[in-house]
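S.K.: Have a look at this one.
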Amino acid sequence: MIIVGEKINTSRKSIEEAVKKRDAAFITKVARDQAEAGAHYIDVNAGTFLDQEVDCLCWLVKAVQKELDLPLCLDSPNPTALSEAIKHHKGEPMINSISLEEDRFKALLPVITSQPCHVVALCMAQTSMPTTVEERVQVGSELINRLTDEGIPLENIYVDPLVQPVSVGTGMGVATLGAINKIMHDFPGVNTICGLSNISFGLPERRLINRNFLALCISYGLSAAILDPTDKQLMATLLAVEMLLGRDEYCENFIDAYQKGRIARG
Amino acid sequence: MSDYKALIEAVIKGDIKTAVAETQSVLDAGSNARDILDKGLIAGMDEVGERFSKGQMFVPQMLRSAKTMKECMKLLEPFFQEGDITSKGKVLIGTVKGDLHDIGKNLVSMMMEGAGFTITDLGVDVSPESFVQKAKEVEPDIVAMSALLSTTMPSMPRTIEALQRAGIRDKVKVMIGGAPVTEKYAQEIKADSYASDAGSAVSKAKNLLGVS
């Protein structure tokens, strides 16, 4: 399971403050905590800064990588911010994200083909958001085909099937799960990724819902997730499910995390 | 003088069967449709909006209540002449250009409709020009815009500028909302109001128009 640590996002108050003050020490600590908790990539998102997003995102890239030898997940719907931030990145970043929206696709293509990188392919069509399994699979497949045609290796593509709230349509959870299953089946080697929090919008006890949804997603084949790795209950769920699905030889990861105090006591 | 307590309760609970039966029974008892709408259905939906804003009710329950009201309205509609349902105000709503997210916008539409506003919903990816064109046509009291992406937020001030150029900015109130949108942003772009959720959108809209 590839874990992308989601905490460096300026929609969180403490991160916004730190970016405003250019407090590299604070940012580094949040990044390091996530790395120690098991993150493989550190997500950086400065979307709330609007017209200053580009500067802020570039600064975040430099601040995190100065102290930490880990690739980042450059997170923005804005192609300009992504193409600038990637210039400061060391190693192979994950670009989050490209979609079938034509302007976004065209603007990002040169960025992701100019250097080795991983790319999140969001199942968003040109004019609408998919609701059913079939619509998600159709958009996801088209994205995979177009990206591999451009020379992006299949295993560097992370299809995000788009998670929509189960509160507004009780079929939304199943739609995401079905799409994960079908895409992983149709394109062996490709990755699937998603964020978790959308699923629980409009409902109480959101963290409980999120971690149960994660368990289901993993069992349907999800290979990467954007989450808070310092959430010990969430990580406990993730590690237990991976172990139960037979993906943790000698139960090593689970026991190791337990012994290091990284998972919440049952 | 009819008692609408059972109807209000049924709307809050989202109990379609009971609510429809109650609507029929107060109609049979001689209540007029206007009264049933205002003091029964809308009163129930107002309570739903309030409880939702306080975190005492949740999205699926709100959707269920709105559906209940819709079913009851089917019984009342024959009693209203075309244009006779005097509304709290006319609202033109849409998700701004470049943005395809409609969940939040739909919740706001629904709650406003439930509160007695007349809604014209332009859908998603609505350009400033489309907002202006429709505003000229339906002459709304409020233009409401939603954005879920920080990259599409600038379409909000662009739409406000377009309303200005068309000479109708002072004829409408502008409301905005959506996950990345803030009160501060509303002030910066000179919108008239910001709402953080569907329940508060209703109370903010009422405040803007001075209705209760």
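Within each chain, counting starts at residue 1; across the structure tokens, chains are named A, B, ... in the order shown, with ligands numbered 1 upward in that order.
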Need to verify the contact set: Glu161 (chain B), 12 Å, only C-alpha atoms, exclusion of same-chain residues closer than 6 positions in sequence. Can you return it as a short mmCIF file (atom, residue, chain, number, x, y, z; two decimals) with C-alpha atoms, in the first residue's frame?

M.R.:
```cif
data_model
loop_
_atom_site.label_atom_id
_atom_site.label_comp_id
_atom_site.auth_asym_id
_atom_site.auth_seq_id
_atom_site.Cartn_x
_atom_site.Cartn_y
_atom_site.Cartn_z
CA PRO B 128 -20.47 34.95 -16.28
CA GLU B 129 -22.32 35.62 -19.54
CA PHE B 131 -25.47 34.23 -15.32
CA VAL B 132 -26.05 37.71 -16.77
CA PRO B 154 -11.94 33.80 -9.67
CA SER B 155 -15.02 33.16 -11.81
CA GLY B 167 -26.07 47.35 -15.32
CA ILE B 168 -27.89 44.92 -13.02
CA ARG B 169 -25.44 44.53 -10.14
CA ASP B 170 -27.48 46.89 -7.92
CA VAL B 174 -24.88 38.19 -4.63
CA ILE B 189 -14.84 40.42 -4.16
CA LYS B 190 -17.72 42.55 -2.83
CA ALA B 191 -20.30 39.80 -2.74
#
```

S.K.: With 8 Å as the cut-off and only C-alpha atoms counted, what is the closest atom pair between each nearby residue of chain A and chain B? Distances in Å to one decimal, ordered by chain and number, as CSV.

M.R.:
```
residue,atom,partner,partner_atom,distance
A:Ser11,CA,B:Pro180,CA,7.7
A:Gly47,CA,B:Ser150,CA,5.8
A:Thr48,CA,B:Ser150,CA,6.3
A:Leu50,CA,B:Ser150,CA,6.3
A:Pro77,CA,B:Thr151,CA,6.6
A:Asn78,CA,B:Thr151,CA,6.2
A:Thr127,CA,B:Leu100,CA,7.0
A:Ser128,CA,B:Leu100,CA,5.9
A:Met129,CA,B:Leu100,CA,6.6
A:Ser167,CA,B:Pro60,CA,5.1
A:Val168,CA,B:Pro60,CA,6.1
A:Gly202,CA,B:Val59,CA,4.8
A:Leu203,CA,B:Phe58,CA,5.6
A:Pro204,CA,B:Phe58,CA,7.4
```

S.K.: What's the 7 Å shell around region 68-71 of chain A, counting only C-alpha atoms, without same-chain residues fewer than 6 positions away, as a list in words?

M.R.: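 After dropping sequence-adjacent residues, the list is Tyr41, Ile42, Gly91, Glu92 and Pro93 of chain A.
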
S.K.: Report as a ChimeraX atom specification all protein, DNA and RNA residues lying within 12 Å of Leu7 (chain B), evaluated on only C-alpha atoms, omitting residues in the same chain fewer than 5 positions from it.

M.R.: /B:2,12-27,36-45,65,68-69,72

S.K.: Could you check which of B:Gly116, B:Ile176, B:Asp35, B:Arg158 is closest to Ser130 (chain B), using only C-alpha atoms?

M.R.: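 Of all the options, B:Arg158 lies closest to Ser130 (chain B).
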
S.K.: Near Val202 (chain B), within 8 Å and counting only C-alpha atoms, which residues show up once chain neighbours fewer than 3 positions away are dropped, as a list in words?

M.R.: Gly49, Val108, Met111, Met112, Ala115, Ala198, Gly199, Ala205 and Lys206 of chain B

S.K.: Neighbours of Arg12 (chain A) within 12 Å (only C-alpha atoms; same-chain residues fewer than 2 positions away dropped), as a ChimeraX atom specification?

M.R.: /A:6-10,14-19,44-49 /B:180

S.K.: Could the residues in this selection be saved with N, CA and C atoms as a compact mmCIF listing (two decimals), in the first residue's frame?

M.R.:
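Writing the result to part_34.txt gives the following:
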```txt
# COMPACT_ATOMS: atom_id res chain seq x y z
N GLU A 6 -1.32 13.44 3.84
CA GLU A 6 -2.14 14.56 3.34
C GLU A 6 -2.05 15.85 4.16
N LYS A 7 -1.23 15.86 5.22
CA LYS A 7 -1.39 16.94 6.21
C LYS A 7 -0.88 18.31 5.80
N ILE A 8 0.05 18.37 4.83
CA ILE A 8 0.56 19.70 4.46
C ILE A 8 -0.35 20.31 3.39
N ASN A 9 -1.46 20.82 3.86
CA ASN A 9 -2.49 21.40 3.00
C ASN A 9 -2.91 22.71 3.65
N THR A 10 -2.83 23.81 2.90
CA THR A 10 -3.08 25.11 3.51
C THR A 10 -4.54 25.36 3.86
N SER A 14 -3.16 25.66 10.76
CA SER A 14 -1.77 25.72 11.22
C SER A 14 -0.79 25.73 10.04
N ILE A 15 -1.14 25.01 8.98
CA ILE A 15 -0.28 24.97 7.80
C ILE A 15 -0.32 26.32 7.08
N GLU A 16 -1.53 26.89 6.99
CA GLU A 16 -1.66 28.19 6.33
C GLU A 16 -0.78 29.24 7.03
N GLU A 17 -0.85 29.25 8.37
CA GLU A 17 -0.04 30.18 9.15
C GLU A 17 1.45 29.96 8.88
N ALA A 18 1.88 28.70 8.91
CA ALA A 18 3.29 28.37 8.72
C ALA A 18 3.79 28.80 7.35
N VAL A 19 2.94 28.63 6.33
CA VAL A 19 3.34 29.02 4.98
C VAL A 19 3.42 30.54 4.88
N VAL A 44 1.76 18.09 -0.89
CA VAL A 44 1.83 19.53 -0.60
C VAL A 44 0.77 20.25 -1.43
N ASN A 45 -0.06 21.04 -0.74
CA ASN A 45 -1.18 21.72 -1.38
C ASN A 45 -1.28 23.14 -0.81
N ALA A 46 -1.19 24.14 -1.69
CA ALA A 46 -1.27 25.53 -1.24
C ALA A 46 -2.42 26.25 -1.93
N GLY A 47 -3.45 25.49 -2.27
CA GLY A 47 -4.57 26.01 -3.06
C GLY A 47 -5.26 27.23 -2.47
N THR A 48 -5.29 27.33 -1.14
CA THR A 48 -6.03 28.44 -0.54
C THR A 48 -5.34 29.79 -0.76
N PHE A 49 -4.08 29.76 -1.23
CA PHE A 49 -3.39 31.03 -1.44
C PHE A 49 -3.74 31.69 -2.79
N PRO B 180 -13.75 25.96 -0.62
CA PRO B 180 -12.60 26.85 -0.42
C PRO B 180 -13.00 28.32 -0.20
```

S.K.: As number ranges by chain, please: every residue in chain B that a backbone DSSP assignment puts in alpha helix (DSSP H).

M.R.: B: 5-13, 16-28, 33-35, 43-53, 59-76, 103-114, 128-138, 155-165, 183-188, 198-209

S.K.: Within 12 Å of Gly189 (chain A), counting only C-alpha atoms, which residues show up once you throw out same-chain ones fewer than 6 positions away? Write them as a PyMOL selection string, please.

M.R.: chain A and resi 144+153-159+183+221-223

S.K.: Quick check for you: according to DSSP on this backbone, which residues of region 43-197 of chain B are classed as strand (DSSP E or B)? Reply as a PyMOL selection string.

M.R.: chain B and resi 90-96+118-121+126+142-146+173-177+193-194

S.K.: Next, the residues of the selection above should be written as a PDB file, in the first residue's frame with N, CA and C atoms.

M.R.:
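The result, stored in again-v2.pdb:
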```pdb
ATOM      1  N   LYS B  90     -36.804  35.388  -5.592  1.00  0.00           N
ATOM      2  CA  LYS B  90     -36.304  34.571  -6.700  1.00  0.00           C
ATOM      3  C   LYS B  90     -34.788  34.443  -6.601  1.00  0.00           C
ATOM      4  N   VAL B  91     -34.317  33.204  -6.716  1.00  0.00           N
ATOM      5  CA  VAL B  91     -32.883  32.939  -6.615  1.00  0.00           C
ATOM      6  C   VAL B  91     -32.373  32.290  -7.895  1.00  0.00           C
ATOM      7  N   LEU B  92     -31.336  32.894  -8.467  1.00  0.00           N
ATOM      8  CA  LEU B  92     -30.657  32.303  -9.619  1.00  0.00           C
ATOM      9  C   LEU B  92     -29.371  31.681  -9.106  1.00  0.00           C
ATOM     10  N   ILE B  93     -29.210  30.379  -9.335  1.00  0.00           N
ATOM     11  CA  ILE B  93     -28.067  29.691  -8.724  1.00  0.00           C
ATOM     12  C   ILE B  93     -27.300  28.858  -9.746  1.00  0.00           C
ATOM     13  N   GLY B  94     -25.990  28.709  -9.518  1.00  0.00           N
ATOM     14  CA  GLY B  94     -25.188  27.853 -10.389  1.00  0.00           C
ATOM     15  C   GLY B  94     -23.785  27.655  -9.839  1.00  0.00           C
ATOM     16  N   THR B  95     -23.103  26.600 -10.330  1.00  0.00           N
ATOM     17  CA  THR B  95     -21.682  26.399 -10.046  1.00  0.00           C
ATOM     18  C   THR B  95     -20.901  27.130 -11.127  1.00  0.00           C
ATOM     19  N   VAL B  96     -19.865  27.865 -10.737  1.00  0.00           N
ATOM     20  CA  VAL B  96     -19.203  28.787 -11.668  1.00  0.00           C
ATOM     21  C   VAL B  96     -18.431  28.080 -12.777  1.00  0.00           C
ATOM     22  N   THR B 118     -38.151  30.830  -4.922  1.00  0.00           N
ATOM     23  CA  THR B 118     -38.282  30.269  -6.267  1.00  0.00           C
ATOM     24  C   THR B 118     -36.890  30.158  -6.870  1.00  0.00           C
ATOM     25  N   ILE B 119     -36.536  28.961  -7.292  1.00  0.00           N
ATOM     26  CA  ILE B 119     -35.159  28.709  -7.727  1.00  0.00           C
ATOM     27  C   ILE B 119     -35.064  28.537  -9.238  1.00  0.00           C
ATOM     28  N   THR B 120     -34.070  29.212  -9.840  1.00  0.00           N
ATOM     29  CA  THR B 120     -33.681  28.889 -11.204  1.00  0.00           C
ATOM     30  C   THR B 120     -32.258  28.361 -11.127  1.00  0.00           C
ATOM     31  N   ASP B 121     -32.087  27.077 -11.448  1.00  0.00           N
ATOM     32  CA  ASP B 121     -30.784  26.433 -11.309  1.00  0.00           C
ATOM     33  C   ASP B 121     -30.122  26.288 -12.677  1.00  0.00           C
ATOM     34  N   VAL B 126     -21.073  27.335 -15.215  1.00  0.00           N
ATOM     35  CA  VAL B 126     -21.887  28.444 -15.708  1.00  0.00           C
ATOM     36  C   VAL B 126     -21.007  29.686 -15.910  1.00  0.00           C
ATOM     37  N   ILE B 142     -31.741  37.308  -5.862  1.00  0.00           N
ATOM     38  CA  ILE B 142     -30.417  36.847  -5.432  1.00  0.00           C
ATOM     39  C   ILE B 142     -29.745  36.062  -6.559  1.00  0.00           C
ATOM     40  N   VAL B 143     -28.454  36.330  -6.763  1.00  0.00           N
ATOM     41  CA  VAL B 143     -27.635  35.472  -7.625  1.00  0.00           C
ATOM     42  C   VAL B 143     -26.690  34.716  -6.696  1.00  0.00           C
ATOM     43  N   ALA B 144     -26.781  33.382  -6.711  1.00  0.00           N
ATOM     44  CA  ALA B 144     -25.982  32.566  -5.809  1.00  0.00           C
ATOM     45  C   ALA B 144     -24.983  31.732  -6.599  1.00  0.00           C
ATOM     46  N   MET B 145     -23.699  31.797  -6.195  1.00  0.00           N
ATOM     47  CA  MET B 145     -22.649  31.072  -6.923  1.00  0.00           C
ATOM     48  C   MET B 145     -21.909  30.117  -6.007  1.00  0.00           C
ATOM     49  N   SER B 146     -21.570  28.944  -6.566  1.00  0.00           N
ATOM     50  CA  SER B 146     -20.843  27.931  -5.828  1.00  0.00           C
ATOM     51  C   SER B 146     -19.553  27.579  -6.568  1.00  0.00           C
ATOM     52  N   LYS B 173     -28.818  40.754  -5.118  1.00  0.00           N
ATOM     53  CA  LYS B 173     -27.857  40.475  -4.066  1.00  0.00           C
ATOM     54  C   LYS B 173     -27.034  39.268  -4.510  1.00  0.00           C
ATOM     55  N   VAL B 174     -25.737  39.302  -4.238  1.00  0.00           N
ATOM     56  CA  VAL B 174     -24.877  38.185  -4.634  1.00  0.00           C
ATOM     57  C   VAL B 174     -24.443  37.386  -3.401  1.00  0.00           C
ATOM     58  N   MET B 175     -24.727  36.075  -3.472  1.00  0.00           N
ATOM     59  CA  MET B 175     -24.333  35.167  -2.392  1.00  0.00           C
ATOM     60  C   MET B 175     -23.340  34.162  -2.937  1.00  0.00           C
ATOM     61  N   ILE B 176     -22.314  33.808  -2.133  1.00  0.00           N
ATOM     62  CA  ILE B 176     -21.365  32.787  -2.594  1.00  0.00           C
ATOM     63  C   ILE B 176     -21.114  31.723  -1.523  1.00  0.00           C
ATOM     64  N   GLY B 177     -20.639  30.569  -1.967  1.00  0.00           N
ATOM     65  CA  GLY B 177     -20.306  29.492  -1.044  1.00  0.00           C
ATOM     66  C   GLY B 177     -19.531  28.390  -1.754  1.00  0.00           C
ATOM     67  N   SER B 193     -23.036  38.372   0.478  1.00  0.00           N
ATOM     68  CA  SER B 193     -23.134  37.418   1.564  1.00  0.00           C
ATOM     69  C   SER B 193     -22.388  36.129   1.262  1.00  0.00           C
ATOM     70  N   TYR B 194     -21.979  35.452   2.338  1.00  0.00           N
ATOM     71  CA  TYR B 194     -21.317  34.147   2.237  1.00  0.00           C
ATOM     72  C   TYR B 194     -22.079  33.168   3.122  1.00  0.00           C
TER      73      TYR B 194
END
```

S.K.: Between CA of Leu238 (chain A) and CA of Met184 (chain A), measure the distance and give it in Å to one decimal.

M.R.: 18.8 Å
